[in-house]
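This is protein.cif (mmCIF, C-alpha atoms and all ligand atoms).
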data_query
#
loop_
_atom_site.label_atom_id
_atom_site.label_comp_id
_atom_site.auth_asym_id
_atom_site.auth_seq_id
_atom_site.Cartn_x
_atom_site.Cartn_y
_atom_site.Cartn_z
CA MET S 26 20.96 -17.82 -6.13
CA ASN S 27 18.77 -16.18 -3.46
CA VAL S 28 15.42 -17.80 -2.75
CA PHE S 29 12.67 -15.95 -0.90
CA TRP S 30 9.26 -17.13 0.27
CA PHE S 31 6.06 -15.10 0.76
CA VAL S 32 3.99 -14.19 3.81
CA PRO S 33 0.36 -14.64 2.67
CA THR S 34 -1.15 -11.55 4.29
CA HIS S 35 -4.05 -11.47 1.85
CA GLY S 36 -5.19 -15.00 2.58
CA ASP S 37 -4.16 -18.57 1.92
CA SER S 38 -6.12 -21.05 -0.15
CA ARG S 39 -6.27 -24.72 -0.92
CA TYR S 40 -8.61 -24.15 -3.88
CA LEU S 41 -8.49 -20.72 -5.54
CA GLY S 42 -11.69 -18.71 -5.67
CA THR S 43 -13.46 -20.57 -2.86
CA ALA S 44 -13.32 -20.72 0.92
CA GLU S 45 -13.22 -24.52 0.79
CA GLY S 46 -10.17 -25.72 2.69
CA ALA S 47 -9.03 -22.12 3.09
CA ARG S 48 -7.01 -21.17 6.10
CA LEU S 49 -7.54 -18.58 8.75
CA VAL S 50 -4.67 -16.14 8.39
CA SER S 51 -4.00 -15.41 12.04
CA HIS S 52 -0.79 -14.17 13.59
CA ASP S 53 -0.06 -17.73 14.69
CA TYR S 54 -0.31 -18.92 11.10
CA LEU S 55 1.81 -16.12 9.65
CA LYS S 56 4.39 -16.93 12.31
CA GLN S 57 4.35 -20.58 11.28
CA VAL S 58 5.03 -19.59 7.67
CA ALA S 59 7.85 -17.22 8.68
CA VAL S 60 9.45 -19.72 11.05
CA ALA S 61 9.23 -22.42 8.37
CA ALA S 62 10.92 -20.13 5.85
CA ASP S 63 13.60 -19.24 8.39
CA THR S 64 14.41 -22.78 9.47
CA LEU S 65 14.21 -24.23 5.97
CA GLY S 66 16.90 -21.80 4.88
CA TYR S 67 15.00 -19.35 2.67
CA ASP S 68 16.89 -16.07 2.40
CA GLY S 69 13.89 -13.89 3.05
CA VAL S 70 10.16 -13.33 2.75
CA LEU S 71 8.16 -10.77 0.77
CA LEU S 72 5.32 -8.90 2.45
CA PRO S 73 2.95 -7.13 0.03
CA THR S 74 1.17 -3.83 0.56
CA GLY S 75 -2.30 -2.67 -0.44
CA ARG S 76 -5.82 -2.58 0.87
CA SER S 77 -6.35 -6.30 0.23
CA CYS S 78 -3.69 -7.37 2.73
CA GLU S 79 -2.62 -6.91 6.32
CA ASP S 80 -0.17 -4.06 6.78
CA ALA S 81 3.35 -5.06 5.74
CA TRP S 82 5.26 -3.08 8.38
CA VAL S 83 3.13 -4.22 11.29
CA THR S 84 3.20 -7.85 10.17
CA ALA S 85 6.95 -7.88 9.51
CA SER S 86 7.68 -6.23 12.87
CA SER S 87 5.62 -8.90 14.62
CA LEU S 88 7.80 -11.61 13.04
CA ILE S 89 11.28 -10.27 13.88
CA ASP S 90 11.53 -12.10 17.17
CA ALA S 91 10.20 -15.39 15.82
CA THR S 92 12.98 -15.65 13.22
CA ARG S 93 16.79 -15.68 13.22
CA GLN S 94 18.30 -15.07 9.81
CA LEU S 95 15.29 -14.42 7.59
CA LYS S 96 15.22 -11.08 5.76
CA PHE S 97 11.99 -9.12 5.38
CA LEU S 98 11.26 -7.61 1.98
CA VAL S 99 8.68 -5.04 3.07
CA ALA S 100 6.56 -3.41 0.36
CA VAL S 101 6.31 0.37 0.64
CA ARG S 102 4.01 2.51 -1.46
CA PRO S 103 5.47 6.01 -2.00
CA GLY S 104 3.14 8.88 -1.29
CA LEU S 105 1.10 7.09 1.36
CA THR S 106 3.35 8.21 4.17
CA ALA S 107 5.77 11.11 4.39
CA PRO S 108 9.17 10.05 3.02
CA THR S 109 10.99 11.11 6.18
CA LEU S 110 8.70 9.02 8.37
CA SER S 111 9.11 6.07 6.01
CA ALA S 112 12.91 6.47 6.19
CA ARG S 113 12.81 6.51 9.99
CA MET S 114 10.59 3.41 10.03
CA ALA S 115 13.09 1.64 7.80
CA ALA S 116 16.02 2.63 10.04
CA THR S 117 14.19 1.42 13.14
CA PHE S 118 13.18 -1.89 11.58
CA ASP S 119 16.70 -2.46 10.30
CA ARG S 120 18.18 -1.72 13.73
CA LEU S 121 15.68 -3.82 15.67
CA SER S 122 15.99 -6.78 13.31
CA GLY S 123 19.79 -6.79 13.18
CA GLY S 124 20.01 -5.59 9.59
CA ARG S 125 17.32 -7.82 8.09
CA LEU S 126 15.28 -5.25 6.17
CA LEU S 127 14.88 -5.01 2.40
CA ILE S 128 12.43 -2.57 0.80
CA ASN S 129 10.15 -3.31 -2.14
CA VAL S 130 9.10 0.00 -3.65
CA VAL S 131 5.64 -0.40 -5.21
CA THR S 132 4.02 2.49 -7.02
CA GLY S 133 0.75 0.58 -7.35
CA GLY S 134 -1.36 0.07 -10.45
CA ASP S 135 -4.99 0.41 -9.40
CA PRO S 136 -6.27 4.01 -9.63
CA VAL S 137 -9.45 3.13 -7.71
CA GLU S 138 -7.46 1.83 -4.76
CA GLN S 139 -5.01 4.72 -4.95
CA GLU S 140 -7.78 7.31 -4.87
CA SER S 141 -9.35 5.59 -1.88
CA ASP S 142 -5.98 6.10 -0.17
CA GLY S 143 -5.86 9.76 -1.14
CA ILE S 144 -3.43 9.46 -4.06
CA PHE S 145 -4.88 11.09 -7.18
CA GLY S 146 -3.26 11.61 -10.54
CA THR S 147 -2.22 9.72 -13.61
CA HIS S 148 0.07 6.71 -13.88
CA LYS S 149 2.85 9.12 -14.92
CA GLU S 150 2.23 11.40 -11.94
CA ARG S 151 2.28 8.46 -9.53
CA TYR S 152 5.71 7.53 -10.86
CA GLU S 153 6.82 11.15 -10.42
CA ILE S 154 5.75 10.89 -6.77
CA SER S 155 7.69 7.62 -6.40
CA ASP S 156 10.76 9.22 -7.92
CA GLU S 157 10.68 12.20 -5.55
CA PHE S 158 9.81 10.05 -2.53
CA ILE S 159 12.76 7.71 -3.06
CA LYS S 160 15.18 10.58 -3.64
CA ILE S 161 14.24 12.06 -0.26
CA TRP S 162 14.18 8.64 1.45
CA ARG S 163 17.65 7.73 0.21
CA GLU S 164 19.19 11.07 1.09
CA VAL S 165 17.70 11.13 4.59
CA LEU S 166 18.99 7.63 5.36
CA SER S 167 22.39 8.25 3.74
CA LYS S 168 22.86 11.31 5.93
CA THR S 169 22.15 9.36 9.12
CA HIS S 170 25.71 8.03 8.79
CA THR S 171 27.41 11.35 8.20
CA GLY S 172 25.09 13.93 9.69
CA GLY S 173 23.23 16.60 7.78
CA GLU S 174 19.75 17.55 6.75
CA THR S 175 17.81 17.15 3.52
CA ASP S 176 16.01 19.93 1.68
CA PHE S 177 13.92 18.94 -1.32
CA ASP S 178 11.53 21.03 -3.36
CA GLY S 179 9.89 18.84 -6.00
CA LYS S 180 6.77 18.95 -8.16
CA HIS S 181 4.81 16.82 -5.68
CA LEU S 182 6.84 16.55 -2.46
CA ARG S 183 8.66 19.11 -0.37
CA VAL S 184 10.71 18.76 2.82
CA LYS S 185 12.92 21.19 4.69
CA GLY S 186 15.61 20.11 7.16
CA ALA S 187 14.50 16.48 6.94
CA LYS S 188 16.54 14.10 9.07
CA ALA S 189 16.65 10.86 11.00
CA LEU S 190 19.01 10.51 13.94
CA TYR S 191 19.39 6.74 14.10
CA PRO S 192 21.22 5.13 11.16
CA PRO S 193 20.11 1.81 9.70
CA ILE S 194 22.55 -1.06 10.18
CA GLN S 195 22.86 -1.51 6.42
CA ALA S 196 24.71 1.43 4.91
CA PRO S 197 23.85 3.68 3.30
CA TYR S 198 20.32 2.20 3.52
CA PRO S 199 18.56 -1.19 3.16
CA PRO S 200 18.61 -2.36 -0.49
CA LEU S 201 15.77 -1.16 -2.72
CA TYR S 202 13.83 -3.72 -4.75
CA PHE S 203 11.28 -2.59 -7.31
CA GLY S 204 8.82 -3.95 -9.88
CA GLY S 205 7.01 -2.29 -12.77
CA SER S 206 6.90 -2.86 -16.52
CA SER S 207 5.99 0.55 -17.94
CA ASP S 208 8.58 2.93 -19.41
CA GLU S 209 8.23 5.16 -16.34
CA ALA S 210 8.94 2.17 -14.10
CA ILE S 211 12.04 1.22 -16.03
CA ASP S 212 13.35 4.80 -15.88
CA LEU S 213 12.85 4.85 -12.12
CA ALA S 214 14.48 1.44 -11.65
CA ALA S 215 17.45 2.46 -13.75
CA GLU S 216 17.95 5.73 -11.85
CA GLN S 217 17.43 4.69 -8.25
CA MET S 218 16.83 0.99 -7.51
CA ASP S 219 19.18 -1.85 -6.58
CA VAL S 220 17.17 -4.91 -7.70
CA TYR S 221 14.65 -4.98 -10.55
CA LEU S 222 11.80 -7.48 -10.06
CA THR S 223 9.54 -8.94 -12.69
CA TRP S 224 6.49 -11.12 -12.33
CA GLY S 225 6.94 -14.59 -13.84
CA GLU S 226 6.69 -14.04 -17.56
CA PRO S 227 8.10 -16.58 -20.05
CA PRO S 228 11.91 -16.56 -20.32
CA ALA S 229 12.02 -14.72 -23.67
CA ALA S 230 9.91 -11.85 -22.30
CA VAL S 231 12.02 -11.71 -19.12
CA ALA S 232 15.21 -11.59 -21.22
CA GLU S 233 13.81 -8.67 -23.18
CA LYS S 234 12.93 -6.79 -19.99
CA ILE S 235 16.34 -7.38 -18.45
CA LYS S 236 17.94 -6.03 -21.60
CA ARG S 237 15.76 -2.88 -21.50
CA VAL S 238 16.53 -2.24 -17.85
CA ARG S 239 20.27 -2.86 -18.31
CA GLU S 240 20.46 -0.52 -21.29
CA ARG S 241 18.53 2.21 -19.53
CA ALA S 242 20.65 1.79 -16.36
CA ALA S 243 23.86 1.98 -18.38
CA LYS S 244 22.78 5.43 -19.58
CA ALA S 245 22.62 6.45 -15.92
CA GLY S 246 26.01 4.85 -15.32
CA ARG S 247 24.46 2.22 -13.06
CA THR S 248 24.00 -1.55 -12.84
CA LEU S 249 21.17 -3.48 -11.17
CA ARG S 250 20.53 -7.00 -10.00
CA PHE S 251 17.43 -8.90 -11.15
CA GLY S 252 14.74 -10.97 -9.46
CA ILE S 253 11.57 -12.81 -10.42
CA ARG S 254 8.31 -13.38 -8.54
CA LEU S 255 6.72 -16.78 -9.19
CA HIS S 256 4.44 -19.34 -7.61
CA VAL S 257 5.60 -22.95 -7.47
CA ILE S 258 3.76 -26.26 -7.51
CA VAL S 259 6.31 -28.96 -6.78
CA ARG S 260 5.53 -32.64 -6.27
CA GLU S 261 7.41 -35.95 -6.45
CA THR S 262 6.52 -36.42 -10.11
CA ASN S 263 5.57 -34.11 -12.98
CA GLU S 264 2.19 -35.84 -13.23
CA ALA S 265 1.44 -35.22 -9.57
CA ALA S 266 2.45 -31.57 -9.92
CA TRP S 267 0.14 -31.00 -12.90
CA ARG S 268 -2.65 -32.76 -11.03
CA ALA S 269 -2.10 -30.35 -8.12
CA ALA S 270 -2.25 -27.39 -10.52
CA ASP S 271 -5.59 -28.63 -11.88
CA GLU S 272 -6.88 -29.17 -8.35
CA LEU S 273 -5.93 -25.64 -7.33
CA ILE S 274 -8.49 -24.24 -9.81
CA SER S 275 -10.90 -27.18 -9.70
CA ARG S 276 -13.50 -25.28 -7.63
CA LEU S 277 -13.14 -22.04 -9.59
CA ASP S 278 -16.19 -21.03 -11.66
CA ASP S 279 -16.24 -18.91 -14.81
CA GLU S 280 -18.19 -16.11 -13.16
CA THR S 281 -15.47 -15.62 -10.56
CA ILE S 282 -12.79 -15.56 -13.26
CA ALA S 283 -14.77 -12.99 -15.26
CA LYS S 284 -15.19 -10.74 -12.18
CA ALA S 285 -11.48 -10.91 -11.36
CA GLN S 286 -10.46 -10.17 -14.94
CA ALA S 287 -12.86 -7.20 -15.08
CA ASN S 288 -11.15 -5.79 -11.98
CA PHE S 289 -7.70 -6.21 -13.50
CA ALA S 290 -8.89 -4.58 -16.75
CA ARG S 291 -9.70 -1.31 -14.95
CA MET S 292 -6.12 -1.01 -13.70
CA ASP S 293 -3.49 1.07 -15.49
CA SER S 294 -0.65 -1.29 -14.60
CA GLU S 295 1.41 -2.40 -17.57
CA GLY S 296 2.70 -5.34 -15.51
CA GLN S 297 -0.84 -6.49 -14.72
CA ARG S 298 -1.82 -6.13 -18.39
CA ARG S 299 1.09 -8.38 -19.37
CA MET S 300 0.09 -10.96 -16.76
CA ALA S 301 -3.56 -11.03 -17.90
CA ALA S 302 -2.54 -11.24 -21.59
CA LEU S 303 -0.75 -14.53 -20.90
CA HIS S 304 -4.05 -16.42 -20.55
CA GLY S 305 -6.70 -13.93 -21.73
CA GLY S 306 -9.08 -15.21 -19.03
CA ARG S 307 -9.22 -18.66 -20.68
CA ARG S 308 -8.61 -21.78 -18.66
CA ASP S 309 -7.80 -24.04 -21.61
CA LYS S 310 -4.37 -22.61 -22.52
CA LEU S 311 -2.66 -22.12 -19.23
CA GLU S 312 0.81 -23.58 -19.89
CA VAL S 313 2.21 -20.41 -21.42
CA SER S 314 5.74 -21.72 -21.75
CA PRO S 315 7.17 -25.11 -20.74
CA ASN S 316 6.23 -25.76 -17.07
CA LEU S 317 5.05 -22.17 -16.64
CA TRP S 318 1.35 -22.20 -15.74
CA ALA S 319 -0.82 -19.08 -15.71
CA GLY S 320 -3.73 -20.58 -13.74
CA VAL S 321 -3.11 -18.53 -10.57
CA GLY S 322 -3.57 -15.30 -12.54
CA LEU S 323 -7.14 -16.23 -13.46
CA VAL S 324 -8.14 -14.75 -10.12
CA ARG S 325 -5.06 -13.49 -8.30
CA GLY S 326 -3.78 -10.00 -8.97
CA GLY S 327 -0.08 -9.45 -9.55
CA ALA S 328 2.06 -12.59 -9.64
CA GLY S 329 -0.09 -15.02 -11.63
CA THR S 330 2.20 -17.76 -12.92
CA ALA S 331 3.63 -20.90 -11.34
CA LEU S 332 6.48 -23.22 -12.17
CA VAL S 333 4.95 -26.71 -12.15
CA GLY S 334 6.84 -29.97 -11.97
CA ASP S 335 9.00 -32.32 -9.98
CA GLY S 336 12.09 -30.98 -8.20
CA GLU S 337 14.45 -31.51 -11.11
CA THR S 338 12.13 -29.88 -13.63
CA VAL S 339 11.50 -26.82 -11.47
CA ALA S 340 15.21 -26.46 -10.64
CA ALA S 341 16.04 -26.66 -14.37
CA ARG S 342 13.49 -23.94 -15.21
CA MET S 343 14.89 -21.74 -12.46
CA LYS S 344 18.37 -22.20 -13.85
CA GLU S 345 17.07 -21.03 -17.26
CA TYR S 346 15.98 -17.77 -15.63
CA ALA S 347 19.27 -17.59 -13.73
CA ASP S 348 21.14 -17.84 -17.03
CA LEU S 349 19.28 -14.72 -18.18
CA GLY S 350 20.64 -12.78 -15.21
CA ILE S 351 18.04 -13.46 -12.48
CA ASP S 352 19.71 -13.99 -9.10
CA THR S 353 16.72 -13.70 -6.78
CA PHE S 354 13.59 -15.88 -6.85
CA ILE S 355 10.61 -14.77 -4.75
CA LEU S 356 8.32 -17.76 -4.53
CA SER S 357 5.03 -18.83 -3.05
CA GLY S 358 2.57 -21.70 -3.34
CA TYR S 359 -0.66 -22.97 -1.83
CA PRO S 360 -1.06 -23.54 1.03
CA HIS S 361 2.01 -21.50 1.87
CA LEU S 362 3.17 -23.54 4.82
CA GLU S 363 3.07 -26.93 3.08
CA GLU S 364 4.45 -25.67 -0.22
CA SER S 365 7.39 -23.98 1.55
CA TYR S 366 8.38 -27.43 2.81
CA ARG S 367 7.72 -29.20 -0.49
CA PHE S 368 9.83 -26.72 -2.42
CA ALA S 369 12.68 -26.77 0.10
CA GLU S 370 12.77 -30.56 0.22
CA HIS S 371 12.52 -31.20 -3.51
CA VAL S 372 14.35 -28.24 -5.01
CA PHE S 373 16.83 -26.69 -2.55
CA PRO S 374 19.35 -29.55 -2.85
CA LEU S 375 19.43 -29.01 -6.62
CA LEU S 376 20.12 -25.27 -6.59
CA PRO S 377 23.46 -23.48 -6.65
CA ARG S 378 23.12 -21.96 -3.19
CA PRO S 379 24.30 -22.73 0.35
CA GLN S 380 22.25 -25.43 2.03
CA LYS S 381 20.54 -24.86 5.35
CA ALA S 382 23.18 -26.84 7.21
CA THR S 383 25.85 -24.36 6.19
CA LEU S 384 23.98 -21.38 7.59
CA PRO S 385 25.07 -19.92 10.90
CA GLY S 386 23.25 -21.45 13.85
CA PHE S 387 22.24 -24.71 12.16
CA ASN S 388 24.23 -27.55 13.64
CA LEU S 389 21.72 -30.38 13.72
CA THR S 390 23.00 -33.33 11.76
CA GLY S 391 20.45 -36.09 12.32
CA PRO S 392 19.37 -38.74 12.87
CA PHE S 393 16.83 -38.29 10.08
CA GLY S 394 13.43 -39.93 10.31
CA GLU S 395 11.39 -41.68 13.00
CA ILE S 396 13.52 -44.08 15.02
CA VAL S 397 12.85 -47.72 14.14
CA GLY S 398 12.03 -50.09 17.00
CA ASN S 399 13.37 -47.64 19.55
CA THR S 400 16.95 -48.47 18.52
CA LEU S 401 17.64 -48.22 14.80
CA VAL S 402 18.08 -45.07 12.80
CA PRO S 403 16.10 -45.24 9.55
CA LYS S 404 17.76 -46.47 6.35
CA GLY S 405 19.75 -43.72 4.67
CA SER S 406 19.92 -41.55 7.79
CA GLU S 407 23.66 -41.98 8.16
CA ALA S 408 24.24 -40.96 4.56
CA LYS S 409 22.06 -37.92 5.02
CA SER S 410 23.86 -36.93 8.24
CA ALA S 411 27.21 -37.31 6.52
CA GLU S 412 25.96 -35.16 3.64
CA VAL S 413 24.83 -32.42 6.00
CA LYS S 414 28.07 -32.52 7.98
CA CYS S 415 30.02 -32.42 4.76
CA LYS S 416 28.18 -29.36 3.54
CA ALA S 417 28.42 -27.67 6.90
CA LYS S 418 32.15 -28.19 7.26
CA ALA S 419 33.00 -28.24 3.55
CA LYS S 420 35.03 -31.42 3.96
CA ALA S 421 34.60 -35.25 3.68
CA LYS S 422 32.42 -36.58 0.86
CA PRO S 423 28.92 -37.97 1.68
CA LYS S 424 28.92 -41.67 2.49
CA ALA S 425 27.14 -43.18 -0.49
CA ASP S 426 27.21 -46.69 0.89
CA ALA S 427 25.92 -46.16 4.41
CA LYS S 428 24.17 -49.32 5.58
CA HIS S 429 21.10 -49.67 7.71
CA ASP S 430 22.79 -48.75 10.92
CA LEU S 431 22.51 -50.59 14.21
CA ARG S 432 23.70 -47.69 16.25
CA VAL S 433 21.65 -47.04 19.35
CA ALA S 434 19.69 -43.91 18.84
CA GLU S 435 20.90 -40.83 20.58
CA SER S 436 18.38 -39.45 23.00
C1 LIG S 501 7.45 -8.47 -7.55
C2 LIG S 501 6.41 -7.41 -7.52
C3 LIG S 501 5.73 -7.16 -6.34
C4 LIG S 501 4.75 -6.18 -6.28
N1 LIG S 501 4.11 -5.95 -5.09
C5 LIG S 501 3.12 -5.05 -5.03
C6 LIG S 501 2.43 -4.82 -3.80
O1 LIG S 501 2.72 -5.41 -2.77
N2 LIG S 501 1.43 -3.90 -3.81
C7 LIG S 501 1.08 -3.19 -4.94
O2 LIG S 501 0.17 -2.40 -4.88
N3 LIG S 501 1.75 -3.38 -6.11
C8 LIG S 501 2.73 -4.30 -6.18
N4 LIG S 501 3.40 -4.50 -7.35
C9 LIG S 501 2.98 -3.72 -8.53
C10 LIG S 501 3.91 -2.58 -8.88
O3 LIG S 501 4.11 -1.75 -7.81
C11 LIG S 501 3.36 -1.70 -9.98
O4 LIG S 501 2.25 -1.02 -9.55
C12 LIG S 501 2.90 -2.46 -11.14
O5 LIG S 501 3.92 -3.29 -11.62
C13 LIG S 501 2.39 -1.51 -12.21
O6 LIG S 501 3.34 -0.70 -12.66
P1 LIG S 501 3.64 -0.67 -14.21
O7 LIG S 501 2.47 0.00 -14.87
O8 LIG S 501 4.89 0.14 -14.33
O9 LIG S 501 3.83 -2.08 -14.69
C14 LIG S 501 4.40 -5.44 -7.44
C15 LIG S 501 5.09 -5.70 -8.63
C16 LIG S 501 6.09 -6.66 -8.69
C17 LIG S 501 6.79 -6.94 -9.98
#
Let me see the file written as structure tokens.
Amino acid sequence: MNVFWFVPTHGDSRYLGTAEGARLVSHDYLKQVAVAADTLGYDGVLLPTGRSCEDAWVTASSLIDATRQLKFLVAVRPGLTAPTLSARMAATFDRLSGGRLLINVVTGGDPVEQESDGIFGTHKERYEISDEFIKIWREVLSKTHTGGETDFDGKHLRVKGAKALYPPIQAPYPPLYFGGSSDEAIDLAAEQMDVYLTWGEPPAAVAEKIKRVRERAAKAGRTLRFGIRLHVIVRETNEAAWRAADELISRLDDETIAKAQANFARMDSEGQRRMAALHGGRRDKLEVSPNLWAGVGLVRGGAGTALVGDGETVAARMKEYADLGIDTFILSGYPHLEESYRFAEHVFPLLPRPQKATLPGFNLTGPFGEIVGNTLVPKGSEAKSAEVKCKAKAKAKPKADAKHDLRVAES
């Protein structure tokens, strides 16, 4: 199971829909979120693209040096830049980050925004552009390893002698992630993508989508991996988690919800339509399937659902999705720094994935907790250290019976 976090380049809230308790999203803050994700052992972070967020490439580049093993899932919108330039940017980022780039191909679902960026045409035509763009992008990067140029003469895009001289570290190119729920999106995923992403719909709907994508991919003689994009609200108890969900929208007024929903309604995104249909703009029926709460989507575009509960409940719900074929979870929660810690502390130990202590470069094994009376390690610290050592070295069982230890604290 791969678990990713999210870099909140379009703002971070404590209460949705208001500036109360909201956080200045400075470079320092984004760095804190990325460093937290890196040191907590998340596999990567997603950076969105669009006019409502800071630029994904620039932000991700600024975070390479602050992180060690974290991967960057950078959203790229085909058609906005020339495919050859985009391929070269990907190669450079992959080289400079030591092979830590992943690409999220996003066609985009808001015609008003697209036209403001100079992309005109129907939903179908935008997918045609994406299809041509990715064909060129893949061929240019593939040929960096073998030599050769790319000629392409499509309906929308044309290049002659396209090439990049410097190959990406990941061959033939960094993996391609992709989300979209329309038929055109599923065709494109099946033909060209490596990982299909869905926003957090209820398990039955996700199962149906996975089936559609698998069947369509089989026709192209291909297989894909699957991922899901969800928010999380994890607390020590289920009651506390539901209270936190209520608090997140406690300052949100009906007028703001109506304005947000009107904006989403003008979009031609099938995925956005499916997200909005989960709650219909109503705040009284937000638990759309057990522990899946649609409150975020009352005002946030795109990913609008959260898994809500204590660690065990959320881990169990994630395993339900995993059983359907999902191997990658791209998560976020408010505020992003605190929730990254809460999720890692409550849920990571319950998931079938390597723990932080087993990752390269992590060799700290305690003591855990503030030293007591300048001499004693806190109760349970020894057991925790033993557990970490055990996971790191894959030997010796954790000491279940470790006593309050009188060992003099190490400096
Ligand atoms: C996980 C995920 C992340 C996405 N990220 C972005 C993004 O950063 N920017 C954007 O404009 N669209 C984003 N999208 C939207 C898709 O690119 C696409 O426009 C949308 O799903 C509508 O396509 P559809 O009509 O095929 O459903 C994302 C979709 C998914 C599933």
Shell of 6 Å around ligand LIG 501 (chain S) (all atoms listed in the file), written as a compact mmCIF listing (two decimals) with C-alpha atoms, in the frame of the given file:
# COMPACT_ATOMS: atom_id res chain seq x y z
CA PRO S 73 2.95 -7.13 0.03
CA THR S 74 1.17 -3.83 0.56
CA GLY S 75 -2.30 -2.67 -0.44
CA ALA S 100 6.56 -3.41 0.36
CA VAL S 131 5.64 -0.40 -5.21
CA THR S 132 4.02 2.49 -7.02
CA GLY S 133 0.75 0.58 -7.35
CA GLY S 134 -1.36 0.07 -10.45
CA GLY S 204 8.82 -3.95 -9.88
CA GLY S 205 7.01 -2.29 -12.77
CA SER S 206 6.90 -2.86 -16.52
CA SER S 207 5.99 0.55 -17.94
CA ALA S 210 8.94 2.17 -14.10
CA LEU S 222 11.80 -7.48 -10.06
CA THR S 223 9.54 -8.94 -12.69
CA TRP S 224 6.49 -11.12 -12.33
CA ARG S 254 8.31 -13.38 -8.54
CA SER S 294 -0.65 -1.29 -14.60
CA GLU S 295 1.41 -2.40 -17.57
CA GLY S 296 2.70 -5.34 -15.51
Nearby residues, (12.9, -1.8, -20.3) file frame, 8 Å, only C-alpha atoms, as a VMD selection string: chain S and resid 206 to 208 211 to 212 233 to 241
Smallest atom-to-atom distance to Gly350 of chain S: which of S:Val231, S:Ala270, S:Leu110, S:Val333, using only C-alpha atoms? S:Val231
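The list of residues with at least one atom within 7 Å of segment 55-68 of chain S, based on only C-alpha atoms and without residues fewer than 2 positions apart in the same chain, reads S:Asn27, S:Val28, S:Phe29, S:Trp30, S:Val32, S:Val50, S:Ser51, S:His52, S:Asp53, S:Leu88, S:Ala91, S:Thr92, S:Arg93, S:Gln94, S:Leu95, S:Lys96, S:His361, S:Leu362, S:Ser365, S:Ala369, S:Lys381.
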To one decimal place, how far is atom CA of Met114 of chain S from atom CA of Gly327 of chain S in Å?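 So the two atoms, atom CA of Met114 of chain S and atom CA of Gly327 of chain S, lie 25.7 Å apart.
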Taking into account all atoms listed in the file, which residue in the set S:Arg163, S:Leu201, S:Leu273, S:Asn263 is nearest to Arg250 of chain S? S:Leu201
Which residue out of S:His181, S:Thr34, S:Leu375, S:Glu150 has the minimum interatomic distance to Leu71 of chain S when only C-alpha atoms are used?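 Of S:His181, S:Thr34, S:Leu375, S:Glu150, the one nearest Leu71 of chain S is S:Thr34, counting only C-alpha atoms.
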Enter the distance from atom CA of Glu412 of chain S to atom CA of Pro374 of chain S, in Å, rounded to one decimal.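 Interatomic distance here is 10.8 Å.
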